[in-house]
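Participant: Input structure-v4.txt, format and content: compact mmCIF, C-alpha atoms.
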```
# COMPACT_ATOMS: atom_id res chain seq x y z
CA MET A 1 -28.13 -38.05 7.79
CA ASP A 2 -25.02 -38.57 5.68
CA THR A 3 -26.01 -40.60 2.64
CA PRO A 4 -23.88 -42.04 -0.20
CA ASP A 5 -24.79 -41.32 -3.77
CA GLN A 6 -27.05 -43.74 -5.57
CA ASN A 7 -24.22 -45.35 -7.51
CA ILE A 8 -22.77 -47.11 -4.45
CA GLN A 9 -24.12 -50.58 -3.87
CA LYS A 10 -24.99 -51.89 -0.42
CA VAL A 11 -22.24 -54.07 1.05
CA ASP A 12 -23.03 -57.59 2.17
CA LYS A 13 -20.90 -57.85 5.31
CA GLU A 14 -21.17 -61.63 5.48
CA SER A 15 -19.78 -62.06 1.98
CA LEU A 16 -16.86 -59.74 2.73
CA ALA A 17 -15.96 -61.43 5.99
CA GLU A 18 -14.29 -64.33 4.20
CA ALA A 19 -12.66 -62.29 1.46
CA PRO A 20 -8.84 -62.69 1.39
CA PRO A 21 -6.62 -59.60 1.51
CA SER A 22 -5.95 -58.21 -1.95
CA GLY A 23 -2.29 -58.70 -2.73
CA GLY A 24 -1.59 -60.44 0.58
CA GLY A 25 -1.50 -59.24 4.18
CA GLY A 26 0.38 -56.33 5.72
CA GLY A 27 -1.60 -53.64 3.93
CA ILE A 28 -4.75 -51.79 4.99
CA GLY A 29 -7.33 -53.40 7.25
CA ILE A 30 -10.86 -52.09 6.62
CA ILE A 31 -12.88 -52.25 9.83
CA LEU A 32 -16.25 -53.87 9.13
CA TYR A 33 -19.13 -52.99 11.44
CA GLY A 34 -22.15 -52.80 9.16
CA ALA A 35 -22.15 -49.05 8.50
CA GLY A 36 -19.97 -48.68 5.43
CA ASN A 37 -20.69 -48.97 1.73
CA ILE A 38 -17.15 -49.84 0.68
CA PHE A 39 -17.24 -51.16 -2.88
CA SER A 40 -15.95 -47.83 -4.24
CA LEU A 41 -13.17 -47.85 -1.63
CA THR A 42 -12.03 -51.40 -2.32
CA ALA A 43 -12.19 -50.78 -6.07
CA ALA A 44 -9.93 -47.75 -5.65
CA LEU A 45 -7.44 -49.70 -3.53
CA GLU A 46 -7.37 -52.50 -6.10
CA ARG A 47 -6.88 -49.99 -8.93
CA LEU A 48 -3.93 -48.51 -7.04
CA GLY A 49 -2.43 -51.90 -6.19
CA ILE A 50 -2.73 -51.28 -2.45
CA PRO A 51 -3.19 -54.53 -0.49
CA TYR A 52 -6.16 -54.64 1.86
CA GLY A 53 -8.35 -56.98 3.86
CA PHE A 54 -11.15 -56.87 6.42
CA ILE A 55 -11.22 -56.64 10.19
CA ASN A 56 -13.98 -58.46 12.02
CA SER A 57 -12.23 -59.38 15.28
CA GLU A 58 -9.44 -58.35 17.63
CA GLU A 59 -7.08 -60.89 16.07
CA ASP A 60 -7.46 -59.34 12.63
CA PHE A 61 -5.73 -56.10 13.67
CA ASP A 62 -2.33 -57.82 13.77
CA LYS A 63 -2.57 -58.69 10.07
CA TYR A 64 -2.30 -55.09 8.84
CA ASP A 65 0.02 -52.08 8.98
CA ARG A 66 -2.72 -49.43 8.95
CA TYR A 67 -6.50 -49.23 9.14
CA ILE A 68 -9.52 -47.51 7.57
CA ILE A 69 -12.81 -46.86 9.38
CA PRO A 70 -15.43 -46.36 6.63
CA GLY A 71 -18.94 -45.12 7.25
CA VAL A 72 -22.10 -43.71 5.72
CA GLY A 73 -25.49 -42.96 7.21
CA HIS A 74 -26.38 -41.92 10.76
CA ALA A 75 -23.45 -41.31 13.13
CA GLY A 76 -25.34 -42.43 16.22
CA ALA A 77 -26.50 -45.64 14.58
CA ALA A 78 -22.99 -46.25 13.26
CA MET A 79 -21.56 -45.86 16.76
CA ASN A 80 -24.08 -48.37 18.12
CA LYS A 81 -23.09 -50.86 15.43
CA LEU A 82 -19.42 -50.31 16.18
CA LYS A 83 -20.01 -50.91 19.90
CA ALA A 84 -21.84 -54.13 19.07
CA THR A 85 -18.71 -55.54 17.41
CA GLY A 86 -16.71 -55.29 20.64
CA LEU A 87 -13.89 -53.59 18.72
CA VAL A 88 -14.14 -50.11 20.31
CA PRO A 89 -11.45 -50.65 23.00
CA PHE A 90 -9.04 -52.02 20.39
CA ILE A 91 -9.68 -49.13 17.99
CA LYS A 92 -9.06 -46.55 20.73
CA ALA A 93 -5.79 -48.29 21.62
CA LEU A 94 -4.43 -48.41 18.05
CA LYS A 95 -0.92 -47.07 17.51
CA LYS A 96 -0.71 -47.66 13.75
CA PRO A 97 -2.02 -45.13 11.19
CA THR A 98 -5.83 -45.11 11.17
CA LEU A 99 -8.02 -43.20 8.71
CA GLY A 100 -11.70 -42.42 9.21
CA ILE A 101 -13.66 -41.62 6.05
CA CYS A 102 -16.94 -39.62 6.10
CA VAL A 103 -18.97 -40.98 9.06
CA GLY A 104 -15.82 -42.93 9.96
CA MET A 105 -14.16 -39.56 10.53
CA GLN A 106 -17.10 -38.33 12.59
CA LEU A 107 -16.82 -41.40 14.82
CA LEU A 108 -13.35 -40.23 15.85
CA THR A 109 -14.85 -37.10 17.45
CA SER A 110 -16.29 -36.79 20.94
CA TYR A 111 -19.95 -36.12 20.15
CA SER A 112 -22.44 -35.75 17.29
CA GLU A 113 -25.65 -33.76 17.19
CA GLU A 114 -26.95 -36.56 14.98
CA GLY A 115 -28.83 -38.71 17.46
CA ASP A 116 -27.35 -36.76 20.40
CA SER A 117 -24.58 -39.37 20.36
CA ASN A 118 -21.34 -39.82 22.27
CA LEU A 119 -18.70 -41.18 19.90
CA LEU A 120 -15.16 -42.58 20.21
CA ASP A 121 -13.76 -39.35 21.72
CA ILE A 122 -10.34 -39.90 20.17
CA ILE A 123 -10.14 -36.34 18.81
CA PRO A 124 -11.82 -33.81 21.16
CA VAL A 125 -14.04 -31.93 18.71
CA LYS A 126 -17.76 -32.15 17.97
CA THR A 127 -19.80 -33.09 14.92
CA LEU A 128 -22.52 -30.53 14.22
CA ARG A 129 -25.31 -30.12 11.67
CA PHE A 130 -25.19 -27.58 8.87
CA LYS A 131 -27.87 -24.92 9.09
CA ASP A 132 -30.29 -24.89 6.15
CA SER A 133 -30.25 -21.75 4.06
CA ALA A 134 -31.27 -20.60 0.61
CA ASP A 135 -27.63 -20.55 -0.53
CA HIS A 136 -26.46 -23.73 1.18
CA LYS A 137 -28.81 -26.68 0.95
CA VAL A 138 -28.35 -29.64 3.27
CA PRO A 139 -26.92 -32.17 2.68
CA HIS A 140 -23.77 -30.64 1.25
CA THR A 141 -23.32 -32.74 -1.86
CA GLY A 142 -20.70 -32.39 -4.56
CA TRP A 143 -17.23 -31.03 -5.15
CA ASN A 144 -15.67 -28.51 -2.80
CA ARG A 145 -12.22 -27.02 -2.38
CA VAL A 146 -9.98 -27.79 0.58
CA PHE A 147 -7.13 -25.76 2.01
CA PRO A 148 -4.25 -27.11 4.12
CA GLU A 149 -3.74 -25.83 7.65
CA LYS A 150 -0.66 -27.96 8.36
CA GLU A 151 1.92 -29.92 6.41
CA ASN A 152 1.34 -33.65 6.61
CA PRO A 153 2.41 -36.61 4.45
CA LEU A 154 -1.25 -37.57 3.98
CA PHE A 155 -1.62 -34.63 1.58
CA GLU A 156 1.75 -34.74 -0.13
CA ASN A 157 1.47 -33.71 -3.82
CA ILE A 158 -2.08 -32.40 -3.32
CA PRO A 159 -2.19 -28.65 -4.06
CA SER A 160 -4.00 -26.13 -1.89
CA GLY A 161 -7.48 -25.50 -3.26
CA SER A 162 -7.89 -29.00 -4.69
CA HIS A 163 -11.44 -30.29 -5.12
CA PHE A 164 -12.79 -33.35 -3.27
CA TYR A 165 -16.22 -34.99 -3.32
CA PHE A 166 -18.46 -34.49 -0.26
CA VAL A 167 -21.82 -35.96 0.80
CA HIS A 168 -22.74 -34.91 4.35
CA SER A 169 -25.26 -33.07 6.49
CA TYR A 170 -23.01 -32.94 9.56
CA PHE A 171 -19.58 -31.36 9.80
CA ILE A 172 -16.62 -31.33 12.18
CA GLU A 173 -16.40 -28.05 14.07
CA TYR A 174 -13.31 -26.09 13.09
CA ASP A 175 -10.50 -26.28 15.65
CA LYS A 176 -7.08 -25.18 14.41
CA THR A 177 -5.35 -27.59 16.81
CA TYR A 178 -6.66 -30.66 15.02
CA THR A 179 -7.42 -29.39 11.50
CA LEU A 180 -5.33 -30.62 8.58
CA LEU A 181 -7.63 -29.25 5.85
CA ALA A 182 -10.30 -26.58 6.10
CA SER A 183 -13.26 -26.08 3.80
CA ASP A 184 -16.31 -23.85 3.71
CA TYR A 185 -20.01 -24.44 3.17
CA GLY A 186 -21.83 -21.52 4.75
CA ASN A 187 -19.35 -21.79 7.60
CA GLN A 188 -15.77 -22.96 7.91
CA PHE A 189 -15.36 -26.59 8.93
CA SER A 190 -12.63 -29.20 9.21
CA ALA A 191 -12.46 -31.27 6.04
CA SER A 192 -9.64 -33.32 7.57
CA ILE A 193 -8.50 -33.79 11.16
CA TRP A 194 -5.45 -35.37 12.76
CA LEU A 195 -4.20 -36.39 16.19
CA ASP A 196 -1.20 -38.70 16.64
CA ASN A 197 -1.83 -41.77 14.44
CA PHE A 198 -5.52 -40.96 13.81
CA TYR A 199 -6.57 -39.16 10.64
CA GLY A 200 -10.00 -38.27 9.32
CA VAL A 201 -11.40 -36.96 6.05
CA GLN A 202 -14.99 -35.82 5.61
CA PHE A 203 -14.93 -36.23 1.83
CA HIS A 204 -14.74 -39.49 -0.11
CA PRO A 205 -11.20 -39.91 -1.48
CA GLU A 206 -12.24 -43.00 -3.43
CA LYS A 207 -14.67 -40.81 -5.41
CA SER A 208 -12.42 -37.75 -5.75
CA GLY A 209 -10.38 -38.49 -8.85
CA VAL A 210 -6.62 -38.21 -9.02
CA PHE A 211 -6.18 -36.29 -5.78
CA GLY A 212 -8.30 -38.79 -3.90
CA GLU A 213 -6.15 -41.58 -5.26
CA THR A 214 -3.05 -39.62 -4.28
CA LEU A 215 -4.36 -39.39 -0.72
CA LEU A 216 -5.02 -43.14 -0.51
CA THR A 217 -1.54 -43.84 -1.88
CA ASN A 218 -0.03 -41.43 0.65
CA PHE A 219 -1.91 -43.14 3.48
CA SER A 220 -0.61 -46.53 2.39
CA LYS A 221 2.95 -45.22 2.91
CA ILE A 222 2.56 -43.35 6.23
```
Output the file's structure in the form of structure tokens.

Facilitator:
Amino acid sequence: MDTPDQNIQKVDKESLAEAPPSGGGGGIGIILYGAGNIFSLTAALERLGIPYGFINSEEDFDKYDRYIIPGVGHAGAAMNKLKATGLVPFIKALKKPTLGICVGMQLLTSYSEEGDSNLLDIIPVKTLRFKDSADHKVPHTGWNRVFPEKENPLFENIPSGSHFYFVHSYFIEYDKTYTLLASDYGNQFSASIWLDNFYGVQFHPEKSGVFGETLLTNFSKI
């Protein structure tokens, strides 16, 4: 299970549903489906002056220029919650920039070993579990270096070898076709993936200091 650190509070979805976009509409729409602890994310967006709001229905997608799919916890359970919203067909049809974070990234893949779950199948790779070992305890928690495989505006002004903050037991299998950033924790894995307008990052940019903030700023301009 992918779990957030203990400093993130649990989000009350009902209280967020009526929250107005920060700084007005046209910014980032955060897709709410009950599987994301997003206070750290919204705090980072506010700190950076990036306007955002929340997506609860099909109509909400038209209010924003780009989208974030957050997520923590169990990928299979998260997928079930996402299906229950009725938003899956609209997410799969999106043409604007869309960023999955942590479990939100895993949802973009075809399948997860966590819960033996079929996911959105937007990017045709699988989500697998790390193997426990004496040198690499699971979950993988803490700072790790990432290395670019392709040039992309999402990682502009972020040097190769930069550190980002990870909390995860499951990883995206490495496939050079879809990998933006690679990392290593006992085995090589995709720390970031990309296909068309869909991006994913396994780490938490909102908890990754200046380079995480740079990434969120870059995404707001893609």

Participant: In Å, how far is it from CA of Glu151 (chain A) to CA of Asp65 (chain A)?

Facilitator: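 Going from CA of Glu151 (chain A) over to CA of Asp65 (chain A) covers 22.4 Å.
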
Participant: So which residues fall inside 12 Å of (-29.6, -28.0, 4.5) if we count all atoms listed in the file? Mind giving them as a CSV table (one decimal) with C-alpha atoms, keeping the file's coordinate frame?

Facilitator:
```
chain,number,residue,atom,x,y,z
A,1,MET,CA,-28.1,-38.0,7.8
A,2,ASP,CA,-25.0,-38.6,5.7
A,129,ARG,CA,-25.3,-30.1,11.7
A,130,PHE,CA,-25.2,-27.6,8.9
A,131,LYS,CA,-27.9,-24.9,9.1
A,132,ASP,CA,-30.3,-24.9,6.2
A,133,SER,CA,-30.2,-21.8,4.1
A,134,ALA,CA,-31.3,-20.6,0.6
A,135,ASP,CA,-27.6,-20.6,-0.5
A,136,HIS,CA,-26.5,-23.7,1.2
A,137,LYS,CA,-28.8,-26.7,1.0
A,138,VAL,CA,-28.4,-29.6,3.3
A,139,PRO,CA,-26.9,-32.2,2.7
A,140,HIS,CA,-23.8,-30.6,1.2
A,141,THR,CA,-23.3,-32.7,-1.9
A,167,VAL,CA,-21.8,-36.0,0.8
A,168,HIS,CA,-22.7,-34.9,4.4
A,169,SER,CA,-25.3,-33.1,6.5
A,170,TYR,CA,-23.0,-32.9,9.6
A,171,PHE,CA,-19.6,-31.4,9.8
A,185,TYR,CA,-20.0,-24.4,3.2
A,186,GLY,CA,-21.8,-21.5,4.8
```

Participant: Neighbours of region 143-149 of chain A within 7 Å (all atoms listed in the file; same-chain residues fewer than 4 positions away dropped), as a VMD selection string?

Facilitator: chain A and resid 160 to 166 179 to 183 191

Participant: What is the CA of Ile68 (chain A)-CA of Leu48 (chain A) distance in Å, reported with one decimal?

Facilitator: 15.7 Å

Participant: Just the number, please: distance in Å from CA of Asp184 (chain A) to CA of Glu114 (chain A), one decimal.

Facilitator: 20.0 Å

Participant: With all atoms listed in the file as the atoms that count, which of A:Asp62, A:Glu46, A:Glu156, A:Asp116 lies nearest to Lys95 (chain A)?

Facilitator: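 Of all the options, A:Asp62 lies closest to Lys95 (chain A).
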
Participant: Box time for region 68-83 of chain A: axis-aligned, enclosing all its listed atoms, 8 Å extra on each side; report centre and edge lengths in Å to one decimal, as lines of an AutoDock Vina configuration file.

Facilitator:
```
center_x = -18.0
center_y = -46.1
center_z = 12.8
size_x = 33.0
size_y = 25.6
size_z = 30.2
```

Participant: With all atoms listed in the file as the basis for distance, which of A:Asn157, A:Ser192, A:Ser110, A:Asn118 is at the shortest distance from Tyr174 (chain A)?

Facilitator: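 Among A:Asn157, A:Ser192, A:Ser110, A:Asn118, it is A:Ser192 that comes nearest to Tyr174 (chain A).
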
Participant: Pick from A:Asn197, A:Thr177, A:Gln188, A:Thr214: nearest to Ile122 (chain A), with only C-alpha atoms counted?

Facilitator: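 For Ile122 (chain A), the nearest of the given residues is A:Asn197.
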
Participant: Looking at all atoms listed in the file, which of A:Gly34, A:Lys83, A:Pro51, A:Ala93 is the one that sits closest to Lys63 (chain A)?

Facilitator: A:Pro51

Participant: Smallest atom-to-atom distance to Pro70 (chain A): which of A:Lys176, A:Lys126, A:Arg47, A:His204, using only C-alpha atoms?

Facilitator: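 Using only C-alpha atoms, the shortest distance to Pro70 (chain A) belongs to A:His204.
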
Participant: For Phe155 (chain A), which residue out of A:Ile193, A:Met79, A:Cys102, A:Val72 is the nearest one, using only C-alpha atoms?

Facilitator: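 Answer, going by the shortest atom-to-atom distance: A:Ile193.
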
Participant: Which residues are near Tyr67 (chain A)? Cut-off 9 Å, only C-alpha atoms, ignore same chain within fewer than 2 positions. Put them as a compact mmCIF listing (two decimals) with C-alpha atoms, in the frame of the given file.

Facilitator:
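Just written: result28.txt:
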```
# COMPACT_ATOMS: atom_id res chain seq x y z
CA GLY A 27 -1.60 -53.64 3.93
CA ILE A 28 -4.75 -51.79 4.99
CA GLY A 29 -7.33 -53.40 7.25
CA ILE A 30 -10.86 -52.09 6.62
CA ILE A 31 -12.88 -52.25 9.83
CA ILE A 55 -11.22 -56.64 10.19
CA PHE A 61 -5.73 -56.10 13.67
CA TYR A 64 -2.30 -55.09 8.84
CA ASP A 65 0.02 -52.08 8.98
CA ILE A 69 -12.81 -46.86 9.38
CA LYS A 96 -0.71 -47.66 13.75
CA PRO A 97 -2.02 -45.13 11.19
CA THR A 98 -5.83 -45.11 11.17
CA LEU A 99 -8.02 -43.20 8.71
CA GLY A 100 -11.70 -42.42 9.21
```
